[in-house]
>>> print(open('run01.cif').read())   # mmCIF, C-alpha atoms and all ligand atoms
data_entry
#
loop_
_atom_site.group_PDB
_atom_site.id
_atom_site.type_symbol
_atom_site.label_atom_id
_atom_site.label_comp_id
_atom_site.auth_asym_id
_atom_site.auth_seq_id
_atom_site.Cartn_x
_atom_site.Cartn_y
_atom_site.Cartn_z
ATOM 1 C CA MET A 1 -74.630 -43.507 12.430
ATOM 2 C CA THR A 2 -75.544 -40.266 10.633
ATOM 3 C CA ASN A 3 -78.842 -40.025 8.751
ATOM 4 C CA THR A 4 -76.933 -40.181 5.459
ATOM 5 C CA GLU A 5 -75.276 -43.457 6.513
ATOM 6 C CA LYS A 6 -78.589 -44.863 7.758
ATOM 7 C CA ILE A 7 -80.288 -44.034 4.453
ATOM 8 C CA PHE A 8 -77.479 -45.631 2.439
ATOM 9 C CA SER A 9 -77.544 -48.711 4.643
ATOM 10 C CA PHE A 10 -81.364 -49.012 4.341
ATOM 11 C CA ILE A 11 -81.252 -48.869 0.537
ATOM 12 C CA ASP A 12 -78.104 -50.964 0.174
ATOM 13 C CA THR A 13 -79.449 -53.770 2.374
ATOM 14 C CA TYR A 14 -82.579 -53.943 0.213
ATOM 15 C CA ALA A 15 -80.747 -53.641 -3.132
ATOM 16 C CA ALA A 16 -77.938 -56.072 -2.353
ATOM 17 C CA SER A 17 -80.373 -58.798 -1.257
ATOM 18 C CA SER A 18 -81.568 -59.392 -4.833
ATOM 19 C CA GLU A 19 -80.066 -60.632 -8.108
ATOM 20 C CA GLU A 20 -81.853 -57.823 -9.997
ATOM 21 C CA LEU A 21 -79.984 -54.762 -11.315
ATOM 22 C CA TYR A 22 -78.851 -52.815 -8.240
ATOM 23 C CA LEU A 23 -80.233 -49.490 -9.543
ATOM 24 C CA GLU A 24 -83.664 -51.067 -10.137
ATOM 25 C CA GLN A 25 -83.620 -52.231 -6.538
ATOM 26 C CA VAL A 26 -82.636 -48.743 -5.350
ATOM 27 C CA ILE A 27 -85.789 -47.468 -7.075
ATOM 28 C CA GLU A 28 -87.840 -50.218 -5.449
ATOM 29 C CA ALA A 29 -86.469 -49.451 -1.958
ATOM 30 C CA CYS A 30 -87.251 -45.744 -2.452
ATOM 31 C CA LYS A 31 -90.787 -46.525 -3.645
ATOM 32 C CA GLN A 32 -91.411 -48.543 -0.492
ATOM 33 C CA TRP A 33 -90.061 -45.664 1.582
ATOM 34 C CA VAL A 34 -92.337 -43.152 -0.224
ATOM 35 C CA ALA A 35 -95.335 -45.452 0.329
ATOM 36 C CA GLY A 36 -94.417 -45.841 4.014
ATOM 37 C CA GLU A 37 -94.220 -49.648 3.646
ATOM 38 C CA SER A 38 -90.613 -49.840 4.794
ATOM 39 C CA THR A 39 -88.693 -46.813 6.059
ATOM 40 C CA PRO A 40 -85.240 -46.167 7.499
ATOM 41 C CA GLU A 41 -85.091 -45.206 11.180
ATOM 42 C CA LEU A 42 -83.698 -41.689 11.186
ATOM 43 C CA ASN A 43 -82.757 -39.075 13.762
ATOM 44 C CA GLU A 44 -85.076 -36.059 13.645
ATOM 45 C CA PRO A 45 -84.909 -33.568 12.049
ATOM 46 C CA VAL A 46 -84.032 -35.071 8.649
ATOM 47 C CA THR A 47 -82.777 -32.617 6.040
ATOM 48 C CA LYS A 48 -83.253 -32.819 2.273
ATOM 49 C CA GLU A 49 -79.479 -32.783 1.874
ATOM 50 C CA GLU A 50 -79.102 -35.837 4.147
ATOM 51 C CA ILE A 51 -81.637 -37.726 2.012
ATOM 52 C CA ARG A 52 -79.933 -36.629 -1.216
ATOM 53 C CA ARG A 53 -76.505 -37.705 0.039
ATOM 54 C CA GLY A 54 -77.716 -41.078 1.298
ATOM 55 C CA LEU A 55 -79.324 -41.809 -2.063
ATOM 56 C CA GLN A 56 -76.270 -40.524 -3.876
ATOM 57 C CA LEU A 57 -74.073 -43.129 -2.141
ATOM 58 C CA ALA A 58 -76.422 -45.933 -3.208
ATOM 59 C CA ILE A 59 -76.704 -44.623 -6.784
ATOM 60 C CA LEU A 60 -72.920 -44.319 -7.072
ATOM 61 C CA LYS A 61 -72.596 -47.963 -5.995
ATOM 62 C CA GLY A 62 -75.216 -48.974 -8.570
ATOM 63 C CA MET A 63 -73.580 -46.924 -11.325
ATOM 64 C CA LYS A 64 -70.329 -48.860 -10.914
ATOM 65 C CA GLN A 65 -72.298 -51.981 -11.905
ATOM 66 C CA HIS A 66 -74.172 -50.187 -14.717
ATOM 67 C CA ALA A 67 -71.233 -48.084 -15.956
ATOM 68 C CA GLN A 68 -71.930 -45.878 -18.989
ATOM 69 C CA PRO A 69 -69.351 -43.176 -19.771
ATOM 70 C CA ASN A 70 -71.747 -40.298 -20.512
ATOM 71 C CA HIS A 71 -74.034 -41.049 -17.559
ATOM 72 C CA GLN A 72 -71.754 -40.000 -14.781
ATOM 73 C CA MET A 73 -73.407 -38.309 -11.845
ATOM 74 C CA THR A 74 -72.235 -34.743 -11.263
ATOM 75 C CA PRO A 75 -69.846 -34.891 -8.274
ATOM 76 C CA ASP A 76 -70.841 -33.057 -5.108
ATOM 77 C CA SER A 77 -67.862 -30.704 -5.265
ATOM 78 C CA ILE A 78 -69.211 -29.309 -8.565
ATOM 79 C CA GLY A 79 -72.880 -29.530 -7.538
ATOM 80 C CA MET A 80 -72.244 -27.598 -4.320
ATOM 81 C CA LEU A 81 -70.461 -24.826 -6.233
ATOM 82 C CA LEU A 82 -73.326 -24.485 -8.738
ATOM 83 C CA GLY A 83 -75.807 -24.646 -5.867
ATOM 84 C CA HIS A 84 -73.995 -21.864 -4.029
ATOM 85 C CA ILE A 85 -73.874 -19.603 -7.096
ATOM 86 C CA THR A 86 -77.535 -20.234 -8.004
ATOM 87 C CA SER A 87 -78.735 -19.519 -4.473
ATOM 88 C CA LYS A 88 -76.968 -16.139 -4.606
ATOM 89 C CA LEU A 89 -78.321 -15.294 -8.075
ATOM 90 C CA VAL A 90 -81.943 -15.910 -7.032
ATOM 91 C CA GLN A 91 -81.747 -14.782 -3.409
ATOM 92 C CA ASN A 92 -84.212 -11.931 -3.914
ATOM 93 C CA CYS A 93 -86.755 -13.977 -5.889
ATOM 94 C CA GLU A 94 -89.917 -15.249 -4.220
ATOM 95 C CA SER A 95 -90.175 -18.141 -6.633
ATOM 96 C CA THR A 96 -87.749 -19.698 -9.079
ATOM 97 C CA THR A 97 -88.148 -22.051 -12.022
ATOM 98 C CA VAL A 98 -85.256 -24.261 -13.073
ATOM 99 C CA LEU A 99 -84.567 -26.462 -16.101
ATOM 100 C CA ASP A 100 -82.002 -29.263 -16.207
ATOM 101 C CA PRO A 101 -82.082 -30.636 -19.768
ATOM 102 C CA THR A 102 -79.640 -33.474 -18.922
ATOM 103 C CA VAL A 103 -80.871 -34.367 -15.452
ATOM 104 C CA GLY A 104 -79.388 -37.881 -15.209
ATOM 105 C CA THR A 105 -79.812 -39.065 -11.608
ATOM 106 C CA GLY A 106 -80.914 -35.573 -10.541
ATOM 107 C CA ASN A 107 -77.974 -35.168 -8.177
ATOM 108 C CA LEU A 108 -76.938 -31.789 -9.607
ATOM 109 C CA LEU A 109 -80.509 -30.503 -9.934
ATOM 110 C CA TYR A 110 -81.434 -31.454 -6.352
ATOM 111 C CA THR A 111 -78.264 -29.935 -4.915
ATOM 112 C CA VAL A 112 -79.262 -26.699 -6.655
ATOM 113 C CA MET A 113 -82.951 -26.922 -5.655
ATOM 114 C CA ASN A 114 -82.147 -27.782 -2.028
ATOM 115 C CA GLY A 115 -80.027 -24.626 -1.795
ATOM 116 C CA ILE A 116 -82.715 -22.240 -3.047
ATOM 117 C CA GLU A 117 -84.768 -20.452 -0.412
ATOM 118 C CA GLY A 118 -88.361 -19.766 -1.360
ATOM 119 C CA ASP A 119 -90.556 -21.566 -3.809
ATOM 120 C CA VAL A 120 -88.742 -23.609 -6.472
ATOM 121 C CA THR A 121 -90.132 -25.804 -9.257
ATOM 122 C CA SER A 122 -88.241 -27.535 -12.053
ATOM 123 C CA PHE A 123 -88.399 -29.181 -15.439
ATOM 124 C CA ALA A 124 -86.057 -32.109 -15.906
ATOM 125 C CA VAL A 125 -85.271 -33.793 -19.220
ATOM 126 C CA GLU A 126 -83.398 -37.051 -19.710
ATOM 127 C CA ILE A 127 -83.198 -39.589 -22.518
ATOM 128 C CA ASP A 128 -82.396 -42.617 -20.323
ATOM 129 C CA GLU A 129 -85.573 -44.048 -18.873
ATOM 130 C CA LEU A 130 -83.910 -45.835 -15.916
ATOM 131 C CA LEU A 131 -82.248 -42.585 -14.804
ATOM 132 C CA VAL A 132 -85.564 -40.732 -15.045
ATOM 133 C CA ARG A 133 -87.258 -43.280 -12.774
ATOM 134 C CA LEU A 134 -84.384 -42.923 -10.315
ATOM 135 C CA ALA A 135 -84.528 -39.114 -10.428
ATOM 136 C CA ALA A 136 -88.327 -39.129 -10.122
ATOM 137 C CA VAL A 137 -88.462 -41.266 -6.985
ATOM 138 C CA THR A 138 -85.691 -39.128 -5.474
ATOM 139 C CA ALA A 139 -87.794 -35.999 -6.144
ATOM 140 C CA GLU A 140 -90.681 -37.607 -4.248
ATOM 141 C CA LEU A 141 -88.490 -38.359 -1.234
ATOM 142 C CA LEU A 142 -87.077 -34.828 -1.298
ATOM 143 C CA GLU A 143 -90.556 -33.352 -1.764
ATOM 144 C CA GLN A 144 -89.274 -31.279 -4.660
ATOM 145 C CA GLN A 145 -91.678 -30.250 -7.416
ATOM 146 C CA VAL A 146 -90.239 -31.537 -10.677
ATOM 147 C CA THR A 147 -91.894 -32.190 -14.053
ATOM 148 C CA PHE A 148 -90.006 -34.891 -15.979
ATOM 149 C CA LEU A 149 -89.760 -35.238 -19.753
ATOM 150 C CA VAL A 150 -88.308 -38.518 -21.043
ATOM 151 C CA GLN A 151 -87.005 -37.501 -24.453
ATOM 152 C CA ASP A 152 -84.112 -36.178 -26.486
ATOM 153 C CA ALA A 153 -83.782 -32.705 -24.954
ATOM 154 C CA LEU A 154 -82.594 -31.334 -28.292
ATOM 155 C CA ARG A 155 -86.033 -32.023 -29.767
ATOM 156 C CA PRO A 156 -88.768 -29.411 -29.099
ATOM 157 C CA LEU A 157 -89.475 -29.009 -25.378
ATOM 158 C CA PHE A 158 -93.030 -28.088 -24.442
ATOM 159 C CA ILE A 159 -92.220 -26.069 -21.331
ATOM 160 C CA ASP A 160 -92.525 -22.464 -20.179
ATOM 161 C CA PRO A 161 -89.367 -20.300 -20.132
ATOM 162 C CA VAL A 162 -87.396 -20.651 -16.873
ATOM 163 C CA ASP A 163 -85.334 -18.381 -14.608
ATOM 164 C CA ILE A 164 -82.351 -20.725 -14.338
ATOM 165 C CA VAL A 165 -80.861 -23.549 -16.439
ATOM 166 C CA VAL A 166 -78.318 -25.914 -14.904
ATOM 167 C CA SER A 167 -76.702 -28.670 -16.903
ATOM 168 C CA ASP A 168 -73.674 -30.926 -16.709
ATOM 169 C CA LEU A 169 -73.321 -31.176 -20.469
ATOM 170 C CA PRO A 170 -72.891 -34.528 -22.215
ATOM 171 C CA VAL A 171 -69.829 -34.077 -24.422
ATOM 172 C CA GLY A 172 -69.452 -35.373 -27.973
ATOM 173 C CA TYR A 173 -71.060 -35.433 -31.394
ATOM 174 C CA TYR A 174 -74.840 -35.319 -31.721
ATOM 175 C CA PRO A 175 -75.812 -38.128 -34.104
ATOM 176 C CA ASP A 176 -79.124 -36.713 -35.403
ATOM 177 C CA ASP A 177 -77.951 -34.403 -38.215
ATOM 178 C CA GLU A 178 -81.472 -33.790 -39.427
ATOM 179 C CA ASN A 179 -82.602 -32.419 -36.047
ATOM 180 C CA ALA A 180 -79.310 -30.526 -35.620
ATOM 181 C CA LEU A 181 -80.218 -28.516 -38.728
ATOM 182 C CA ASN A 182 -82.794 -26.713 -36.546
ATOM 183 C CA PHE A 183 -79.938 -25.112 -34.595
ATOM 184 C CA GLN A 184 -77.710 -22.173 -35.491
ATOM 185 C CA LEU A 185 -74.776 -24.177 -34.127
ATOM 186 C CA MET A 186 -75.020 -26.936 -36.749
ATOM 187 C CA PRO A 187 -71.735 -26.589 -38.661
ATOM 188 C CA ALA A 188 -71.688 -26.342 -42.457
ATOM 189 C CA GLU A 189 -69.805 -29.645 -42.589
ATOM 190 C CA GLY A 190 -69.788 -32.711 -40.350
ATOM 191 C CA HIS A 191 -71.767 -33.426 -37.180
ATOM 192 C CA ALA A 192 -72.666 -30.841 -34.540
ATOM 193 C CA TYR A 193 -71.381 -31.090 -30.997
ATOM 194 C CA ALA A 194 -74.176 -32.074 -28.602
ATOM 195 C CA HIS A 195 -72.697 -29.833 -25.892
ATOM 196 C CA HIS A 196 -72.910 -26.825 -28.240
ATOM 197 C CA LEU A 197 -76.516 -27.607 -29.186
ATOM 198 C CA PHE A 198 -77.449 -27.947 -25.501
ATOM 199 C CA ILE A 199 -76.172 -24.417 -24.884
ATOM 200 C CA GLU A 200 -78.360 -23.105 -27.734
ATOM 201 C CA GLN A 201 -81.382 -25.132 -26.610
ATOM 202 C CA SER A 202 -80.993 -23.892 -23.030
ATOM 203 C CA LEU A 203 -80.962 -20.266 -24.172
ATOM 204 C CA ASN A 204 -84.142 -20.971 -26.183
ATOM 205 C CA HIS A 205 -85.897 -21.897 -22.936
ATOM 206 C CA LEU A 206 -84.524 -19.187 -20.664
ATOM 207 C CA LYS A 207 -86.426 -16.013 -19.718
ATOM 208 C CA SER A 208 -84.807 -12.707 -20.685
ATOM 209 C CA GLY A 209 -82.387 -11.825 -17.892
ATOM 210 C CA GLY A 210 -82.263 -15.486 -16.748
ATOM 211 C CA TYR A 211 -79.040 -17.395 -16.105
ATOM 212 C CA ALA A 212 -77.661 -20.648 -17.497
ATOM 213 C CA LEU A 213 -74.953 -22.486 -15.565
ATOM 214 C CA PHE A 214 -73.135 -25.225 -17.468
ATOM 215 C CA VAL A 215 -70.455 -27.727 -16.566
ATOM 216 C CA ILE A 216 -68.382 -27.612 -19.767
ATOM 217 C CA PRO A 217 -65.182 -29.244 -21.046
ATOM 218 C CA ALA A 218 -62.314 -26.945 -19.978
ATOM 219 C CA ASN A 219 -61.202 -26.639 -23.628
ATOM 220 C CA LEU A 220 -64.649 -25.584 -24.937
ATOM 221 C CA PHE A 221 -63.367 -22.343 -26.413
ATOM 222 C CA GLU A 222 -60.304 -23.943 -28.015
ATOM 223 C CA SER A 223 -61.864 -26.955 -29.711
ATOM 224 C CA ASP A 224 -62.944 -27.049 -33.379
ATOM 225 C CA HIS A 225 -66.232 -25.197 -34.054
ATOM 226 C CA ALA A 226 -65.190 -22.825 -31.206
ATOM 227 C CA THR A 227 -65.287 -19.784 -33.510
ATOM 228 C CA GLN A 228 -68.875 -20.575 -34.476
ATOM 229 C CA LEU A 229 -69.769 -20.975 -30.791
ATOM 230 C CA HIS A 230 -68.100 -17.645 -29.945
ATOM 231 C CA ASP A 231 -69.989 -15.809 -32.697
ATOM 232 C CA PHE A 232 -73.257 -17.387 -31.556
ATOM 233 C CA LEU A 233 -72.708 -16.399 -27.911
ATOM 234 C CA LYS A 234 -71.804 -12.828 -28.883
ATOM 235 C CA LYS A 235 -75.159 -12.550 -30.638
ATOM 236 C CA GLU A 236 -77.461 -14.463 -28.309
ATOM 237 C CA ALA A 237 -76.040 -14.313 -24.769
ATOM 238 C CA MET A 238 -73.866 -12.482 -22.299
ATOM 239 C CA ILE A 239 -70.947 -14.469 -20.941
ATOM 240 C CA ARG A 240 -71.019 -13.660 -17.210
ATOM 241 C CA ALA A 241 -68.384 -16.026 -15.836
ATOM 242 C CA VAL A 242 -65.936 -18.759 -16.722
ATOM 243 C CA ILE A 243 -64.739 -20.631 -13.645
ATOM 244 C CA GLN A 244 -61.960 -23.158 -13.944
ATOM 245 C CA LEU A 245 -62.377 -26.200 -11.685
ATOM 246 C CA PRO A 246 -59.336 -27.679 -9.895
ATOM 247 C CA SER A 247 -57.378 -30.257 -11.972
ATOM 248 C CA ALA A 248 -57.294 -32.547 -8.918
ATOM 249 C CA LEU A 249 -61.013 -33.290 -9.426
ATOM 250 C CA PHE A 250 -60.348 -35.003 -12.752
ATOM 251 C CA GLN A 251 -58.560 -38.155 -13.873
ATOM 252 C CA SER A 252 -56.596 -36.412 -16.628
ATOM 253 C CA LYS A 253 -56.192 -33.152 -18.549
ATOM 254 C CA VAL A 254 -58.689 -34.202 -21.268
ATOM 255 C CA HIS A 255 -61.393 -34.751 -18.637
ATOM 256 C CA GLU A 256 -60.972 -31.326 -16.996
ATOM 257 C CA LYS A 257 -64.121 -29.207 -16.685
ATOM 258 C CA SER A 258 -65.044 -25.579 -16.079
ATOM 259 C CA VAL A 259 -68.250 -23.778 -15.226
ATOM 260 C CA LEU A 260 -69.707 -21.388 -17.797
ATOM 261 C CA ILE A 261 -72.352 -18.875 -16.699
ATOM 262 C CA LEU A 262 -74.431 -17.134 -19.360
ATOM 263 C CA GLN A 263 -77.185 -14.582 -19.011
ATOM 264 C CA LYS A 264 -79.888 -14.094 -21.603
ATOM 265 C CA PRO A 265 -79.946 -10.462 -22.739
ATOM 266 C CA SER A 266 -82.841 -8.330 -21.569
ATOM 267 C CA GLU A 267 -83.903 -4.751 -22.301
ATOM 268 C CA GLU A 268 -83.234 -3.861 -18.671
ATOM 269 C CA ILE A 269 -79.526 -4.690 -18.962
ATOM 270 C CA LYS A 270 -78.145 -1.599 -20.692
ATOM 271 C CA THR A 271 -74.387 -2.125 -20.344
ATOM 272 C CA MET A 272 -72.422 -5.285 -20.926
ATOM 273 C CA PRO A 273 -71.331 -6.527 -17.469
ATOM 274 C CA GLU A 274 -67.739 -7.591 -16.863
ATOM 275 C CA VAL A 275 -66.903 -11.272 -17.269
ATOM 276 C CA LEU A 276 -65.733 -13.008 -14.115
ATOM 277 C CA LEU A 277 -62.719 -15.184 -14.916
ATOM 278 C CA ALA A 278 -61.845 -17.239 -11.864
ATOM 279 C CA LYS A 279 -60.117 -20.414 -10.790
ATOM 280 C CA VAL A 280 -61.447 -22.528 -7.921
ATOM 281 C CA PRO A 281 -58.589 -23.041 -5.409
ATOM 282 C CA ASP A 282 -57.671 -26.375 -3.840
ATOM 283 C CA MET A 283 -60.988 -27.292 -2.216
ATOM 284 C CA LYS A 284 -59.236 -28.688 0.873
ATOM 285 C CA ASN A 285 -57.734 -25.260 1.586
ATOM 286 C CA LYS A 286 -60.500 -23.776 3.756
ATOM 287 C CA HIS A 287 -59.110 -20.218 3.825
ATOM 288 C CA ALA A 288 -58.601 -20.025 0.077
ATOM 289 C CA MET A 289 -62.076 -21.499 -0.509
ATOM 290 C CA ALA A 290 -63.711 -19.002 1.889
ATOM 291 C CA ARG A 291 -62.007 -16.105 0.076
ATOM 292 C CA PHE A 292 -63.032 -17.488 -3.313
ATOM 293 C CA LEU A 293 -66.695 -17.867 -2.245
ATOM 294 C CA GLN A 294 -66.668 -14.346 -0.836
ATOM 295 C CA ASP A 295 -65.466 -13.007 -4.219
ATOM 296 C CA LEU A 296 -68.204 -15.010 -5.940
ATOM 297 C CA ASP A 297 -70.837 -13.616 -3.574
ATOM 298 C CA GLU A 298 -69.696 -10.065 -4.287
ATOM 299 C CA TRP A 299 -69.930 -10.765 -8.021
ATOM 300 C CA ALA A 300 -73.429 -12.245 -7.629
ATOM 301 C CA GLN A 301 -74.544 -9.261 -5.524
ATOM 302 C CA GLN A 302 -73.840 -6.885 -8.397
ATOM 303 C CA GLU A 303 -76.735 -8.543 -10.228
HETATM 304 N N1 LIG B 1 -76.232 -33.864 -13.699
HETATM 305 C C1 LIG B 1 -76.463 -35.274 -13.862
HETATM 306 C C2 LIG B 1 -76.445 -35.959 -12.486
HETATM 307 O O1 LIG B 1 -76.108 -35.304 -11.485
HETATM 308 O O2 LIG B 1 -76.729 -37.168 -12.446
HETATM 309 C C3 LIG B 1 -75.453 -35.922 -14.769
HETATM 310 C C4 LIG B 1 -75.558 -35.499 -16.184
HETATM 311 S S1 LIG B 1 -74.620 -36.534 -17.244
HETATM 312 C C5 LIG B 1 -73.078 -35.754 -17.316
HETATM 313 C C6 LIG B 1 -75.335 -36.174 -18.793
HETATM 314 C C7 LIG B 1 -76.724 -36.771 -18.995
HETATM 315 O O3 LIG B 1 -77.254 -36.322 -20.242
HETATM 316 C C8 LIG B 1 -76.764 -38.308 -19.046
HETATM 317 O O4 LIG B 1 -77.615 -38.787 -18.056
HETATM 318 C C9 LIG B 1 -77.313 -38.628 -20.442
HETATM 319 O O5 LIG B 1 -78.154 -39.760 -20.483
HETATM 320 C C10 LIG B 1 -78.078 -37.350 -20.770
HETATM 321 N N2 LIG B 1 -78.242 -37.083 -22.201
HETATM 322 C C11 LIG B 1 -77.322 -37.226 -23.191
HETATM 323 N N3 LIG B 1 -77.847 -36.850 -24.360
HETATM 324 C C12 LIG B 1 -79.122 -36.447 -24.119
HETATM 325 C C13 LIG B 1 -80.161 -35.932 -24.938
HETATM 326 N N4 LIG B 1 -79.972 -35.744 -26.249
HETATM 327 N N5 LIG B 1 -81.330 -35.620 -24.358
HETATM 328 C C14 LIG B 1 -81.529 -35.779 -23.015
HETATM 329 N N6 LIG B 1 -80.571 -36.277 -22.194
HETATM 330 C C15 LIG B 1 -79.379 -36.594 -22.742
#
>>> encode(input="run01.cif", output="structure tokens")
Amino acid sequence: MTNTEKIFSFIDTYAASSEELYLEQVIEACKQWVAGESTPELNEPVTKEEIRRGLQLAILKGMKQHAQPNHQMTPDSIGMLLGHITSKLVQNCESTTVLDPTVGTGNLLYTVMNGIEGDVTSFAVEIDELLVRLAAVTAELLEQQVTFLVQDALRPLFIDPVDIVVSDLPVGYYPDDENALNFQLMPAEGHAYAHHLFIEQSLNHLKSGGYALFVIPANLFESDHATQLHDFLKKEAMIRAVIQLPSALFQSKVHEKSVLILQKPSEEIKTMPEVLLAKVPDMKNKHAMARFLQDLDEWAQQE
């Protein structure tokens, strides 16, 4: 068995032996592992990615039981792509700070953190308390330095500005109109879109010159309120890339996603860089994928 399989089997055996909520038992099994009370027998060396993947399998099993539409874990195919891009964008930095305002299980954040060489610390925000406990115990096992905030991430965040934001945006209306009035992206009529407000909030917490990488609905720039979003981005950010993800990753057209990369303007950036418009090829096609990643690396090197 691989380490990933052994880790899944260790957690699953513990979690499935109880009537309690499976995800609660996943947390319990991880706590025992952290405390050294009960640990899986693994082949040395054990990598952070093996631990993340083993936990991911157990969490995915638990999420089927505890299904909530807006809580879906970011799939590895998307996480790996964001991880690859981030690692290239920060490759010359000695230390990097990251914010994920919608951290969920932490799967996306840890894929990104595991890929960064050098010192990396993060802030993670999440409104669902069970997911925060899950993400927090995972951070301990991965020995990643993460500060968690259990709150509505669209409320004030008491954190220092970061180098990188990553977020798989929750899509839909934001119900708190009163709080939404604090954002430029609150429309004159009706509710604001949460995914729009998250973009604005992320830019508020980014250092000048820093990057924000979002998993967005593929139709973000065609939906209603898109003109307002466009005008806001023109004023407050530089659109650096829009990368279309393969349709095969999604159940239907309405669920399709893209990756949006923004950079916060800085005095050092004198000319507006070109926008990379790209489409991820069929991920099973190794040659096409290698070529695509090479193009991405060249784009990131221009930074
Ligand atoms: N990247 C995450 C992962 O890998 O598990 C998945 C993110 S999921 C698509 C979106 C997350 O945003 C959910 O966990 C949801 O609870 C959280 N969320 C939604 N609205 C929020 C808010 N206002 N403040 C903080 N978190 C919120």
>>> atom_distance(input="run01.cif", atom1="CA of Ala35 in chain A", atom2="atom S1 of ligand LIG 1 (chain B)")
28.6 Å
>>> residues_around(input="run01.cif", residues="Lys257 in chain A", least_positions_apart="2", cutoff="12 Å", atoms="only C-alpha atoms", output="number ranges by chain")
A: 74-75, 78, 168-171, 214-221, 242-255, 259-260, 279-280
>>> residues_near_ligand(input="run01.cif", ligand="ligand LIG 1 (chain B)", cutoff="9 Å", atoms="all atoms listed in the file", output="NGL selection string")
:A and (68-76 or 79 or 100-111 or 125-129 or 131-132 or 135 or 149-155 or 166-171 or 174 or 194-195 or 198 or 215)
>>> closest_residue(input="run01.cif", among="A:Ala278, A:Ile159, A:Ala29, A:Met272", to="Ala241 in chain A", atoms="only C-alpha atoms")
A:Ala278
>>> closest_atom_pairs(input="run01.cif", of="range 25-71 of chain A", to="range 5-9 of chain A", cutoff="8 Å", atoms="only C-alpha atoms", output="tab-separated table")
residue	atom	partner	partner_atom	distance
A:Pro40	CA	A:Ile7	CA	6.2
A:Glu41	CA	A:Lys6	CA	7.4
A:Leu42	CA	A:Lys6	CA	6.9
A:Ile51	CA	A:Ile7	CA	6.9
A:Gly54	CA	A:Phe8	CA	4.7
A:Leu55	CA	A:Phe8	CA	6.2
A:Leu57	CA	A:Phe8	CA	6.2
A:Ala58	CA	A:Phe8	CA	5.8
>>> resolve_selection(input="run01.cif", expression="the PyMOL selection byres (((chain A and resi 300) around 12) and not hetatm)", output="list in words")
His84, Ile85, Thr86, Ser87, Lys88, Leu89, Val90, Gln91, Asn92, Tyr211, Arg240, Ala241, Ile261, Pro273, Glu274, Val275, Leu276, Leu293, Gln294, Asp295, Leu296, Asp297, Glu298, Trp299, Gln301, Gln302 and Glu303 of chain A
>>> closest_residue(input="run01.cif", among="A:Glu44, A:Ser208, A:Gln184, A:Ala226", to="Glu268 in chain A", atoms="only C-alpha atoms")
A:Ser208
>>> residues_around(input="run01.cif", residues="Leu262 in chain A", least_positions_apart="4", cutoff="7 Å", atoms="all atoms listed in the file", output="ChimeraX atom specification")
/A:211-213,237-240
>>> atom_distance(input="run01.cif", atom1="CA of Glu267 in chain A", atom2="CA of His225 in chain A")
29.5 Å
>>> closest_residue(input="run01.cif", among="A:Thr97, A:Thr227, A:Ser258, A:Asn182", to="His205 in chain A", atoms="only C-alpha atoms")
A:Thr97
>>> atom_distance(input="run01.cif", atom1="CA of Gly172 in chain A", atom2="CA of Gln65 in chain A")
23.3 Å
>>> residues_around(input="run01.cif", residues="Gly210 in chain A", least_positions_apart="2", cutoff="6 Å", atoms="only C-alpha atoms", output="list in words")
Asp163, Ile164, Leu206, Lys207, Ser208, Gln263 and Lys264 of chain A
>>> closest_residue(input="run01.cif", among="A:Gln145, A:Thr138, A:Asn204, A:Ser122", to="Leu157 in chain A", atoms="only C-alpha atoms")
A:Asn204
>>> resolve_selection(input="run01.cif", expression="the PyMOL selection byres (((chain A and resi 147) around 6) and not hetatm)", output="PyMOL selection string")
chain A and resi 123+146+148
>>> closest_residue(input="run01.cif", among="A:Asn3, A:Ser18, A:Gln32, A:Thr121", to="Val46 in chain A", atoms="all atoms listed in the file")
A:Asn3
>>> closest_residue(input="run01.cif", among="A:Pro156, A:Ile27, A:Glu189, A:Asn43", to="Met1 in chain A", atoms="all atoms listed in the file")
A:Asn43
